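Working notes, structure below.
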There are 4 protein chains.
Amino acid sequence: MDAHADLHARLKTFMAEEVLPRCPEIRAFTAANPPGARPPVIAALKAQARAQGLWNLGLPDLPDWAPGARLSNLAFAPLAETMGAIPWAAELFNCHAPDLPTMEMLLKTGTEAQKDRWLLPLLEGEICTGFSMTEPRTASSDARNIATRIEDAGDHWIVNGHKWFTGNAGVPGWSFTVLIGVTDPDAAAYARHSALIVPIDLPGVHVVRHIPTLGFSDRWRPNAEVVFENVRVPKDHLLGERGRGFAAAQVRLATARIHHCMRSIGGAELMIALMCERAGTRETFGRPIAQHDKIREFVALSRVEIDQARLLTLNAADALDRKGGRGAQAEISQIKLAVARACYDVADRAVQVFGAMGVTDDSPVADFYAGMRALRIYDGPDEVHVRTIARAEFDRQAALHPEGLMRYLCTDFSDRSRWEGAPAHG
Amino acid sequence: MDAHADLHARLKTFMAEEVLPRCPEIRAFTAANPPGARPPVIAALKAQARAQGLWNLGLPDLPDWAPGARLSNLAFAPLAETMGAIPWAAELFNCHAPDLPTMEMLLKTGTEAQKDRWLLPLLEGEICTGFSMTEPRTASSDARNIATRIEDAGDHWIVNGHKWFTGNAGVPGWSFTVLIGVTDPDAAAYARHSALIVPIDLPGVHVVRHIPTLGFSDRWRPNAEVVFENVRVPKDHLLGERGRGFAAAQVRLATARIHHCMRSIGGAELMIALMCERAGTRETFGRPIAQHDKIREFVALSRVEIDQARLLTLNAADALDRKGGRGAQAEISQIKLAVARACYDVADRAVQVFGAMGVTDDSPVADFYAGMRALRIYDGPDEVHVRTIARAEFDRQAALHPEGLMRYLCTDFSDRSRWEGAPAHG
Amino acid sequence: MDAHADLHARLKTFMAEEVLPRCPEIRAFTAANPPGARPPVIAALKAQARAQGLWNLGLPDLPDWAPGARLSNLAFAPLAETMGAIPWAAELFNCHAPDLPTMEMLLKTGTEAQKDRWLLPLLEGEICTGFSMTEPRTASSDARNIATRIEDAGDHWIVNGHKWFTGNAGVPGWSFTVLIGVTDPDAAAYARHSALIVPIDLPGVHVVRHIPTLGFSDRWRPNAEVVFENVRVPKDHLLGERGRGFAAAQVRLATARIHHCMRSIGGAELMIALMCERAGTRETFGRPIAQHDKIREFVALSRVEIDQARLLTLNAADALDRKGGRGAQAEISQIKLAVARACYDVADRAVQVFGAMGVTDDSPVADFYAGMRALRIYDGPDEVHVRTIARAEFDRQAALHPEGLMRYLCTDFSDRSRWEGAPAHG
Amino acid sequence: MDAHADLHARLKTFMAEEVLPRCPEIRAFTAANPPGARPPVIAALKAQARAQGLWNLGLPDLPDWAPGARLSNLAFAPLAETMGAIPWAAELFNCHAPDLPTMEMLLKTGTEAQKDRWLLPLLEGEICTGFSMTEPRTASSDARNIATRIEDAGDHWIVNGHKWFTGNAGVPGWSFTVLIGVTDPDAAAYARHSALIVPIDLPGVHVVRHIPTLGFSDRWRPNAEVVFENVRVPKDHLLGERGRGFAAAQVRLATARIHHCMRSIGGAELMIALMCERAGTRETFGRPIAQHDKIREFVALSRVEIDQARLLTLNAADALDRKGGRGAQAEISQIKLAVARACYDVADRAVQVFGAMGVTDDSPVADFYAGMRALRIYDGPDEVHVRTIARAEFDRQAALHPEGLMRYLCTDFSDRSRWEGAPAHG
């Protein structure tokens with residue numbers, strides 16, 4: 001990672017000198033403007049970041065012609081953590097969700113024409129996109145339930161469906177969404193879906209509303225409920241192969257999940273810093289809060305859990321670099337489960353340390369707490385990742401110990417010599 | 001409790017027939033109007049409830065002249081639970097916080113003139129009030145930190161201080177707040193404070209803002225940040241004895257805490273009902289969600305925890321009836337700790353069962369979850385109640401076993417015969 | 001419960017004056033003698049207890065001719081708790097497992113001849129018994145897996161099977177075991193089993209060993225592994241109806257489970273007392289341990305959890321009195337789950353407070369801890385009780401809200417007016 | 001770590017071919033012989049292991065003349081994990097506690113004469129030792145409480161004290177113990193203690209008993225309670241500088257703690273393997289246990305937690321290599337806290353999966369469970385490590401953010417413009 005130490009140092013400086021001091025003004029702007037609005041300073045900061053080489057840091061496989069740093073996932077992890085401390089910062093470096101995973105998806109499965117039309121402006125940070133997979137009317141944690149239909153109408157597709165949590169609604173430059181729907185209802189369960197680029201301005205795209213969620217930062221990057229009603233989409237907007245949409249979504253989700261984890265760890269580090277600062281400035285029952293065992297426990301457990309979360313995330317990033325999204329599925333499910341949980345627990349403690357201020361918009365604590373609660377659901381709820389990890393582990397153990405260990409380590413209750421030798425009781 | 005079975009039956013019918021069907025319209029009204037606004041139907045429903053005897057149910061010691069049912073705390077508990085399922089319902093029966101505790105406080109410590117002027121309209125449901133204890137600039141979990149000053153200026157008091165979470169801001173009829181401040185800074189730690197009735201429309205009362213918190217129901221009954229700047233308050237507005245404000249606040253908090261617990265249990269019961277309903281209507285991985293072990297575990301643990309929470313609350317209500325707020329302090333700390341935690345855990349499970357819909361405003365789940373998170377802080381954070389319970393328990397054990405039990409049950413390591421009898425090793 | 005206050009007072013005195021002071025000598029005796037051995041003082045104490053009316057307290061339905069107090073389950077609960085503090089005490093009052101449930105079973109399903117021969121000496125405390133249900137070679141948490149065969153050989157039964165955790169092995173007077181096995185393998189899943197009285201001294205009964213478990217008190221009342229090999233049992237030893245063994249076992253288990261819970265609460269109360277005493281006598285980092293927040297939290301949480309466990313147990317005892325074992329199944333599963341867990345958590349804290357002494361045999365802490373860990377498995381593991389409670393709750397909610405609540409409380413995503421009215425975006 | 005891959009491969013083969021198949025015989029031998037006894041095969045296995053270079057693997061700083069592999073802590077970690085799966089295995093490679101930390105201590109602080117006399121036979125695996133720090137009569141988690149006196153009597157020391165958990169009692173070759181006691185009662189709190197080599201056969205050394213603990217493996221390597229009564233110890237047996245005993249013990253504990261963690265992870269891996277195997281061979285409610293969500297959750301959480309525990313341990317091993325025991329104190333406290341907890345949770349799940357067999361001696365599960373419970377106390381209870389980690393974190397944050405972050409991220413409630421600009425309410 002040494003080669004990237006300089007990049008990381010510059011990023012840290014940028015965060016300390018450009019981002020942190022602007023937090024109050026961004027907070028005020030967001031509260032006073034419609035969801036998704038951007039103050040002019042954002043464009044200036046993006047230009048400044050790009051000029052310093054802090055641009056497109058999370059795309060390992062960028063082609064030569066594209067601007068960006070080509071860091072491996074492992075190398076990107078500490079940078080993603082650093083920018084993740086402040087919810088609005090990743091965008092400055094063009095490393096934010098859901099656009100970064102969209103770029104990844106276009107890079108991996110887009111046609112040249114699609115790349116020209118859609119990827120290029122994304123890499124330049126000129127447009128932004130949504131991802132429309134989850135639906136309000138089905139249990140989307142089992143992706144086979146997805147009901148949106150993409151019908152082949154000869155020279156175009158006709159889309160009908162109801163999605164929500166489609167990102168970037170209201171953000172300037174919002175241009176299209178990558179929609180997952182059923183093209184082949186009679187195919188095998190995992191071969192029914194395709195991914196389709198749907199421009200937001202097509203007739204029949206109803207953006208029902210910005211979805212209010214628990215946190216405050218949904219105003220910065222709103223998710224929308226979107227109804228697609230007989231939307232006609234040009235034939236060449238299919239992204240990747242027909243019937244491979246499920247697999248393509250999984251690859252995209254691998255990136256989305258690991259980046260979410262990296263950034264969340266950055267947020268959790270900020271929570272630890274704030275907890276320590278707050279605990280040092282208040283007093284109850286005759287002692288600074290920082291001297292209460294319970295606060296010490298909060299800080300110590302948070303330290304341990306976040307260090308473990310980071311190490312596991314680096315491990316998964318390395319697996320992703322080596323094995324790709326499909327090969328690293330179990331490792332990524334591991335971090336999705338563990339990191340969301342660890343960050344949530346840290347957030348919960350920070351709320352408690354901040355007291356009433358921990359549930360208002362007067363500190364970043366409540367917003368981070370709400371975000372981490374949602375993260376236990378977004379990108380697959382805990383229960384789904386438990387399945388993936390367990391299945392991999394059962395397979396692994398079966399391969400490691402094909403004949404089992406219990407014969408060496410446990411009593412064999414079928415061994416008759418255990419009682420036949422002994423004097424019968426009766 | 002049989003004498004009150006009929007009252008409870010009527011309340012249940014009212015909730016089912018009048019409250020539940022109006023939830024969609026109330027939800028729509030609240031989202032579309034300023035915080036605190038009330039639709040006209042509310043007044044009609046209050047009149048209807050009162051006509052059925054469902055009025056002022058939570059005040060055991062009402063004088064003869066006052067309208068209300070005079071239930072004991074124990075008898076009120078199931079009714080409070082029933083109305084607690086829907087956040088806006090308690091107001092229909094004039095049993096809502098923070099007004100009910102304010103009435104309690106006026107009943108117990110108010111002068112006749114104060115009762116005439118302030119209690120009467122409260123009992124009629126004509127006005128509403130705030131309670132101004134906690135402060136944004138001190139750690140209010142240790143009440144001795146309260147910094148607001150109430151100075152004796154001869155014929156009036158002068159108040160200077162900074163409060164928040166003062167309730168009912170913006171609700172029609174908001175007329176005064178009960179403020180806790182320091183009148184006697186040189187007195188002993190618990191004899192410094194007094195309670196003062198401060199009309200909201202006095203000069204120098206700055207209502208800074210409605211405080212946004214995580215949930216959605218803060219729009220129904222907003223809390224405000226309020227700055228008191230050289231506010232002149234008439235001398236006869238002191239509520240209770242000078243220097244006894246801390247004790248008076250504790251008595252009020254006893255009522256507030258136990259009612260909060262009762263209502264929260266009602267909310268948690270609703271969550272269980274919703275979890276079961278939702279789990280019965282969705283399917284993942286080839287089975288209805290209700291057949292997944294994890295969902296069963298969610299339901300079973302919730303059932304057990306809420307039944308325990310209710311029993312402990314009834315136990316505390318009985319203690320409050322028998323021993324008063326001061327005598328039942330440990331029992332009330334017990335429920336504050338246990339009920340908030342149990343309801344929060346139930347809420348967390350409901351969020352998970354509802355998935356993405358568990359963090360939006362499309363179900364009552366997210367709002368209840370946020371409310372229960374806040375409840376672990378409001379009315380004293382968990383840590384404060386732990387102190388109270390532990391202190392009581394150490395005292396109790398010392399009284400029960402003055403000479404201890406270890407001499408009977410544990411090895412006495414000072415007993416030399418344990419080793420002197422044995423052959424020396426060396 | 002007032003009628004029984006005197007009985008309870010006498011029991012408390014007996015525990016304080018006769019039991020507690022003899023703990024050291026019993027502990028020394030047990031360590032130095034074979035598992036199951038009894039010192040002479042036990043017989044004397046039993047006689048003494050019986051003379052005071054402290055005898056057969058846990059059998060509500062005793063016939064007139066039998067000695068005992070005929071307390072309801074609800075009335076017995078506090079007495080069971082009191083005697084449960086000391087693991088060897090319940091036997092002094094003839095209220096110990098597994099003999100009390102065996103008496104219950106004989107009372108409810110035994111023939112007159114069986115009662116004369118087996119129940120009478122049990123009620124007199126002259127003999128003791130085992131219960132042979134669980135098997136080492138099948139997953140007994142699903143009772144349908146029970147593999148032991150009871151074949152009808154005309155004038156006798158032939159038993160073949162492998163059981164363990166058959167109680168009272170080695171205790172003087174150990175005379176028979178109640179065995180659950182398959183008589184009708186082709187019947188419906190819950191109609192295959194029967195209960196059979198199997199005298200321990202019959203040929204073919206192999207008592208393989210006393211089973212060492214984690215705790216130290218398995219020496220006082222050992223469980224045995226027992227192999228039954230072509231054991232011929234007289235025809236009239238069938239207990240209850242053929243094919244009803246499963247149901248009979250469930251009734252017996254209802255009693256066994258609730259008594260286990262009651263006694264465990266007594267043990268947990270002792271743990272709290274010991275924690276407080278220990279914490280008052282040690283010092284670390286310049287303060288008595290009792291002043292560390294973490295210890296306070298241990299004590300406070302333990303207090304809350306045990307009070308809740310007790311209230312829920314009283315609730316279940318009342319249900320058992322009113323509805324019988326089958327009717328109170330969900331309530332009993334509730335306490336089995338909750339009480340084992342609460343007592344275990346208390347035990348875990350006691351271990352931590354006692355430090356190294358918490359894992360040795362120098363205090364009752366380690367033994368209680370081990371016993372509570374086992375209790376999360378014995379009499380049905382947590383997972384089985386979760387199923388029972390969840391099933392009952394799903395049924396209950398379906399009956400309470402046949403049409404559901406979501407239509408009032410949640411967004412209806414199929415409502416087209418939500419987006420059709422709005423201006424189309426595209 | 002590549003250079004050591006071959007060593008690790010050989011160790012794995014040795015475990016699979018020599019250790020695992022002998023588990024039944026070792027288990028039978030231990031149950032049938034006095035605590036500490038060793039069957040002849042152990043000596044043979046030690047010779048065999050040494051011949052393969054699998055000897056003294058955990059001592060990074062061995063001098064040239066000594067036999068051993070000189071692995072760094074980081075390189076040793078995976079090997080320690082591998083041997084840790086089976087409790088009696090580490091001894092075969094001379095890598096077992098408490099002898100390995102004793103060797104470390106002698107290497108670092110012993111005189112040449114002490115090394116000749118004591119270290120040499122330890123490195124050869126010919127003798128074994130105890131460590132006598134903790135005392136039954138004081139709260140040893142605060143080491144300043146240690147009460148054992150080491151008095152300077154001119155040409156020898158006189159030791160008086162009461163210790164327990166002194167290891168290797170009854171094991172052949174048990175020759176001395178390293179005792180921590182007070183030489184300078186009037187010095188500063190951390191300069192009072194010294195370390196002293198006390199031969200076990202000196203007059204006045206009373207080995208009171210082998211201490212029974214919850215697990216079964218205390219028979220393989222028993223801990224003893226030892227009373228030292230006027231034991232005269234030669235002057236040259238002081239280990240390290242007078243008054244530096246506390247620091248020396250901490251260094252030793254760093255090694256002991258990290259090795260304990262490494263081996264425990266190996267034990268936890270075995271538990272995961274056994275859980276998977278067991279779950280694949282049993283069926284309840286119509287499905288293999290392995291298909292129940294709850295079991296999947298057990299397996300998945302265990303996988304995640306142990307992977308995190310291992311990564312954190314490697315991180316601490318690296319810190320220990322780079323910064324030494326004192327410098328890596330916080331990192332080692334981190335793993336002591338986290339690894340003991342993670343392994344304990346895994347063990348608890350394994351108990352539940354094994355059911356009744358999880359609390360008997362018929363599988364390694366109960367013993368591992370008991371060992372992990374004890375580990376949360378041994379080598380410093382959780383609470384002590386929380387203090388260490390929290391202190392380091394508060395220091396670290398103060399250095400990172402000397403001016404704090406709240407001024408950028410939180411509302412400044414002292415900012416008068418927040419309300420002065422607004423229209424006064426009153």
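Convention: chains lettered A, B, ... in structure tokens order; per-chain residue numbering from 1; ligands numbered from 1 as shown.
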How close does each residue of chain C get to chain A, giving the shortest atom pair and distance in Å to one decimal for every residue with an atom at most 7 Å away, counting only C-alpha atoms, sorted by chain and residue number, as JSON lines?
```
{"residue": "C:Arg137", "atom": "CA", "partner": "A:Phe413", "partner_atom": "CA", "distance": 6.8}
{"residue": "C:Ile200", "atom": "CA", "partner": "A:Gly426", "partner_atom": "CA", "distance": 6.2}
{"residue": "C:Asp201", "atom": "CA", "partner": "A:Gly426", "partner_atom": "CA", "distance": 3.7}
{"residue": "C:Leu202", "atom": "CA", "partner": "A:Gly426", "partner_atom": "CA", "distance": 4.3}
{"residue": "C:Pro203", "atom": "CA", "partner": "A:Gly426", "partner_atom": "CA", "distance": 4.2}
{"residue": "C:Gly204", "atom": "CA", "partner": "A:Gly426", "partner_atom": "CA", "distance": 6.0}
{"residue": "C:Val205", "atom": "CA", "partner": "A:Gly426", "partner_atom": "CA", "distance": 5.1}
{"residue": "C:His206", "atom": "CA", "partner": "A:Ala424", "partner_atom": "CA", "distance": 5.1}
{"residue": "C:Val207", "atom": "CA", "partner": "A:His425", "partner_atom": "CA", "distance": 5.9}
{"residue": "C:Val208", "atom": "CA", "partner": "A:Trp419", "partner_atom": "CA", "distance": 5.4}
{"residue": "C:His292", "atom": "CA", "partner": "A:Asp293", "partner_atom": "CA", "distance": 6.8}
{"residue": "C:Asp293", "atom": "CA", "partner": "A:Asp293", "partner_atom": "CA", "distance": 5.5}
{"residue": "C:Lys294", "atom": "CA", "partner": "A:Asp293", "partner_atom": "CA", "distance": 6.2}
{"residue": "C:Phe413", "atom": "CA", "partner": "A:Arg137", "partner_atom": "CA", "distance": 6.8}
{"residue": "C:Trp419", "atom": "CA", "partner": "A:Val208", "partner_atom": "CA", "distance": 5.4}
{"residue": "C:Ala424", "atom": "CA", "partner": "A:His206", "partner_atom": "CA", "distance": 5.1}
{"residue": "C:His425", "atom": "CA", "partner": "A:His206", "partner_atom": "CA", "distance": 5.3}
{"residue": "C:Gly426", "atom": "CA", "partner": "A:Asp201", "partner_atom": "CA", "distance": 3.7}
```
Keeping only N, CA and C atoms, write the selected residues as an mmCIF file, in the first residue's frame.
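Generated output (out_22.cif):
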```cif
data_model
loop_
_atom_site.group_PDB
_atom_site.id
_atom_site.type_symbol
_atom_site.label_atom_id
_atom_site.label_comp_id
_atom_site.auth_asym_id
_atom_site.auth_seq_id
_atom_site.Cartn_x
_atom_site.Cartn_y
_atom_site.Cartn_z
ATOM 1 N N ARG C 137 -28.396 -41.167 21.109
ATOM 2 C CA ARG C 137 -28.158 -41.450 19.699
ATOM 3 C C ARG C 137 -29.193 -40.838 18.762
ATOM 4 N N ILE C 200 -35.418 -50.767 38.174
ATOM 5 C CA ILE C 200 -34.003 -50.671 37.847
ATOM 6 C C ILE C 200 -33.280 -52.003 37.957
ATOM 7 N N ASP C 201 -33.805 -52.907 38.800
ATOM 8 C CA ASP C 201 -33.067 -54.151 39.038
ATOM 9 C C ASP C 201 -33.476 -55.274 38.094
ATOM 10 N N LEU C 202 -34.219 -54.946 37.047
ATOM 11 C CA LEU C 202 -34.571 -56.003 36.089
ATOM 12 C C LEU C 202 -33.334 -56.420 35.285
ATOM 13 N N PRO C 203 -33.259 -57.692 34.921
ATOM 14 C CA PRO C 203 -32.149 -58.132 34.068
ATOM 15 C C PRO C 203 -32.188 -57.397 32.728
ATOM 16 N N GLY C 204 -30.999 -57.026 32.283
ATOM 17 C CA GLY C 204 -30.900 -56.330 31.003
ATOM 18 C C GLY C 204 -30.841 -54.816 31.139
ATOM 19 N N VAL C 205 -30.995 -54.327 32.358
ATOM 20 C CA VAL C 205 -30.837 -52.880 32.581
ATOM 21 C C VAL C 205 -29.357 -52.607 32.895
ATOM 22 N N HIS C 206 -28.669 -52.015 31.954
ATOM 23 C CA HIS C 206 -27.249 -51.695 32.168
ATOM 24 C C HIS C 206 -27.092 -50.235 32.539
ATOM 25 N N VAL C 207 -26.693 -49.986 33.763
ATOM 26 C CA VAL C 207 -26.386 -48.609 34.151
ATOM 27 C C VAL C 207 -24.936 -48.359 33.754
ATOM 28 N N VAL C 208 -24.745 -47.728 32.610
ATOM 29 C CA VAL C 208 -23.399 -47.646 32.041
ATOM 30 C C VAL C 208 -22.473 -46.811 32.905
ATOM 31 N N HIS C 292 -17.951 0.271 41.231
ATOM 32 C CA HIS C 292 -17.675 0.302 39.794
ATOM 33 C C HIS C 292 -18.994 0.211 39.032
ATOM 34 N N ASP C 293 -19.169 1.076 38.027
ATOM 35 C CA ASP C 293 -20.403 1.080 37.224
ATOM 36 C C ASP C 293 -20.760 -0.304 36.709
ATOM 37 N N LYS C 294 -19.737 -1.030 36.308
ATOM 38 C CA LYS C 294 -19.992 -2.314 35.662
ATOM 39 C C LYS C 294 -20.628 -3.285 36.665
ATOM 40 N N PHE C 413 -49.388 0.414 -1.490
ATOM 41 C CA PHE C 413 -48.600 0.669 -2.696
ATOM 42 C C PHE C 413 -49.359 0.319 -3.971
ATOM 43 N N TRP C 419 -49.637 7.992 -7.627
ATOM 44 C CA TRP C 419 -48.776 8.552 -8.679
ATOM 45 C C TRP C 419 -49.548 9.057 -9.898
ATOM 46 N N ALA C 424 -46.531 13.353 -14.420
ATOM 47 C CA ALA C 424 -45.549 12.353 -14.825
ATOM 48 C C ALA C 424 -44.198 13.029 -14.957
ATOM 49 N N HIS C 425 -43.175 12.323 -14.579
ATOM 50 C CA HIS C 425 -41.832 12.898 -14.628
ATOM 51 C C HIS C 425 -41.310 12.898 -16.053
ATOM 52 N N GLY C 426 -41.436 11.754 -16.711
ATOM 53 C CA GLY C 426 -40.827 11.606 -18.034
ATOM 54 C C GLY C 426 -41.560 12.439 -19.094
#
```
#### Entry: alpha helix (DSSP H) call set, DSSP backbone run, range 58-215 of chain A, as a VMD selection string
chain A and resid 73 to 84 99 to 109 112 to 114 120 to 123
Output of the above residues as a short mmCIF file (atom, residue, chain, number, x, y, z; two decimals), in the first residue's frame, restricted to C-alpha atoms:
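Okay, this is what ended up in part_12.cif:
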```cif
data_model
loop_
_atom_site.label_atom_id
_atom_site.label_comp_id
_atom_site.auth_asym_id
_atom_site.auth_seq_id
_atom_site.Cartn_x
_atom_site.Cartn_y
_atom_site.Cartn_z
CA ASN A 73 -9.89 -2.66 -3.84
CA LEU A 74 -7.35 -3.35 -1.12
CA ALA A 75 -5.56 -0.08 -1.83
CA PHE A 76 -8.78 1.87 -2.09
CA ALA A 77 -10.14 0.68 1.25
CA PRO A 78 -8.30 3.15 3.54
CA LEU A 79 -9.14 6.03 1.21
CA ALA A 80 -12.80 5.07 1.12
CA GLU A 81 -12.75 4.94 4.90
CA THR A 82 -11.25 8.39 5.11
CA MET A 83 -13.81 9.99 2.82
CA GLY A 84 -16.62 8.00 4.43
CA ASP A 99 -22.77 5.93 -9.27
CA LEU A 100 -19.50 4.15 -8.64
CA PRO A 101 -21.15 0.71 -8.89
CA THR A 102 -22.97 1.88 -11.99
CA MET A 103 -19.65 2.82 -13.57
CA GLU A 104 -18.26 -0.58 -12.55
CA MET A 105 -21.23 -2.27 -14.18
CA LEU A 106 -20.90 -0.26 -17.39
CA LEU A 107 -17.17 -0.97 -17.50
CA LYS A 108 -17.73 -4.69 -17.13
CA THR A 109 -20.84 -5.30 -19.20
CA GLU A 112 -18.80 0.50 -26.51
CA ALA A 113 -21.73 2.67 -27.50
CA GLN A 114 -23.16 2.49 -23.98
CA LEU A 120 -17.99 8.83 -20.02
CA PRO A 121 -20.12 11.56 -18.41
CA LEU A 122 -20.25 9.46 -15.25
CA LEU A 123 -16.47 9.27 -15.09
#
```
Find the residues around range 144-159 of chain D up to 6 Å (only C-alpha atoms counted), leave out those fewer than 2 positions away in its own chain, and share them as a PyMOL selection string.
chain D and resi 142+161+181-183+230-235
Write out, as an mmCIF file, in the first residue's frame, the residues just selected, with N, CA and C atoms.
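selection-v7.cif, written as the output of this step:
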```cif
data_model
loop_
_atom_site.group_PDB
_atom_site.id
_atom_site.type_symbol
_atom_site.label_atom_id
_atom_site.label_comp_id
_atom_site.auth_asym_id
_atom_site.auth_seq_id
_atom_site.Cartn_x
_atom_site.Cartn_y
_atom_site.Cartn_z
ATOM 1 N N ASP D 142 -6.617 -6.322 40.139
ATOM 2 C CA ASP D 142 -5.780 -5.146 40.375
ATOM 3 C C ASP D 142 -4.510 -5.659 41.032
ATOM 4 N N GLY D 161 2.883 -16.410 51.845
ATOM 5 C CA GLY D 161 1.762 -15.989 50.980
ATOM 6 C C GLY D 161 0.894 -17.157 50.593
ATOM 7 N N GLY D 181 5.732 -11.362 44.390
ATOM 8 C CA GLY D 181 5.422 -10.942 45.759
ATOM 9 C C GLY D 181 6.015 -9.587 46.061
ATOM 10 N N VAL D 182 5.696 -9.090 47.221
ATOM 11 C CA VAL D 182 6.112 -7.744 47.610
ATOM 12 C C VAL D 182 7.451 -7.801 48.316
ATOM 13 N N THR D 183 8.435 -7.165 47.730
ATOM 14 C CA THR D 183 9.726 -7.035 48.412
ATOM 15 C C THR D 183 9.879 -5.670 49.063
ATOM 16 N N ASN D 230 6.792 -19.296 55.452
ATOM 17 C CA ASN D 230 8.188 -19.134 55.843
ATOM 18 C C ASN D 230 9.148 -19.930 54.971
ATOM 19 N N VAL D 231 8.931 -19.840 53.691
ATOM 20 C CA VAL D 231 9.792 -20.574 52.756
ATOM 21 C C VAL D 231 11.078 -19.787 52.561
ATOM 22 N N ARG D 232 12.183 -20.442 52.808
ATOM 23 C CA ARG D 232 13.487 -19.777 52.645
ATOM 24 C C ARG D 232 14.021 -20.058 51.244
ATOM 25 N N VAL D 233 14.259 -18.999 50.509
ATOM 26 C CA VAL D 233 14.686 -19.143 49.115
ATOM 27 C C VAL D 233 16.040 -18.465 48.952
ATOM 28 N N PRO D 234 16.996 -19.165 48.296
ATOM 29 C CA PRO D 234 18.341 -18.576 48.145
ATOM 30 C C PRO D 234 18.286 -17.209 47.471
ATOM 31 N N LYS D 235 19.220 -16.367 47.827
ATOM 32 C CA LYS D 235 19.237 -14.975 47.380
ATOM 33 C C LYS D 235 19.315 -14.863 45.858
#
```
Practice task
Among the residues of range 163-303 of chain D, find those DSSP assigns to strand (DSSP E or B) from the backbone and print them as a PyMOL selection string.
Solution key: chain D and resi 163-166+174-182+193-199+205-210+213+224-234+238-239+283-284+287-288
Residues at most 9 Å from Thr129 in chain B, counting only C-alpha atoms, excluding those fewer than 6 positions away in the same chain, as a PyMOL selection string? chain B and resi 98-99+102+122+166-169+173-178+200
query = Do you know which residues are at most 8 Å from Glu277 in chain B counting only C-alpha atoms, after dropping those on the same chain fewer than 3 positions away, and could you put them as a list in words?
reply = Ala273, Leu274, Gly280 and Thr281 of chain B; Gln397, Ala398, Gly404, Leu405 and Met406 of chain C
Selection above as a file: C-alpha atoms, as a short mmCIF file (atom, residue, chain, number, x, y, z; two decimals), in the first residue's frame:
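Result file is result-v3.cif:
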```cif
data_model
loop_
_atom_site.label_atom_id
_atom_site.label_comp_id
_atom_site.auth_asym_id
_atom_site.auth_seq_id
_atom_site.Cartn_x
_atom_site.Cartn_y
_atom_site.Cartn_z
CA ALA B 273 -49.23 -7.77 15.46
CA LEU B 274 -47.69 -6.08 12.42
CA GLY B 280 -47.78 -14.05 6.84
CA THR B 281 -47.99 -12.15 3.58
CA GLN C 397 -52.78 -12.57 16.23
CA ALA C 398 -54.77 -14.18 13.42
CA GLY C 404 -55.14 -7.21 9.59
CA LEU C 405 -53.99 -3.76 10.65
CA MET C 406 -51.70 -2.84 7.82
#
```
note - CA of Ala254 in chain B and CA of Arg322 in chain B are separated by 13.4 Å
- Message: I'd like the contact shell of Gln52 in chain A - 10 Å cut-off, only C-alpha atoms, skipping same-chain residues fewer than 6 positions apart - returned as an NGL selection string.
- Response: :A and (7 or 10-11 or 14 or 46)
Judged by only C-alpha atoms, the minimum distance to Ser363 in chain D among D:Ala342, D:Val304, D:Val41, D:Cys23 is found for D:Cys23
If we count only C-alpha atoms, what is near Ala248 in chain A at a cut-off of 10 Å, once residues fewer than 4 positions away on the same chain are taken out, given as a ChimeraX atom specification?
/A:105,108-109,180,193-195,239-241,243-244,252-254,325-326
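Our summary of the geometry notes that CA of Gly371 in chain A is positioned 16.1 Å from CA of Pro212 in chain B.
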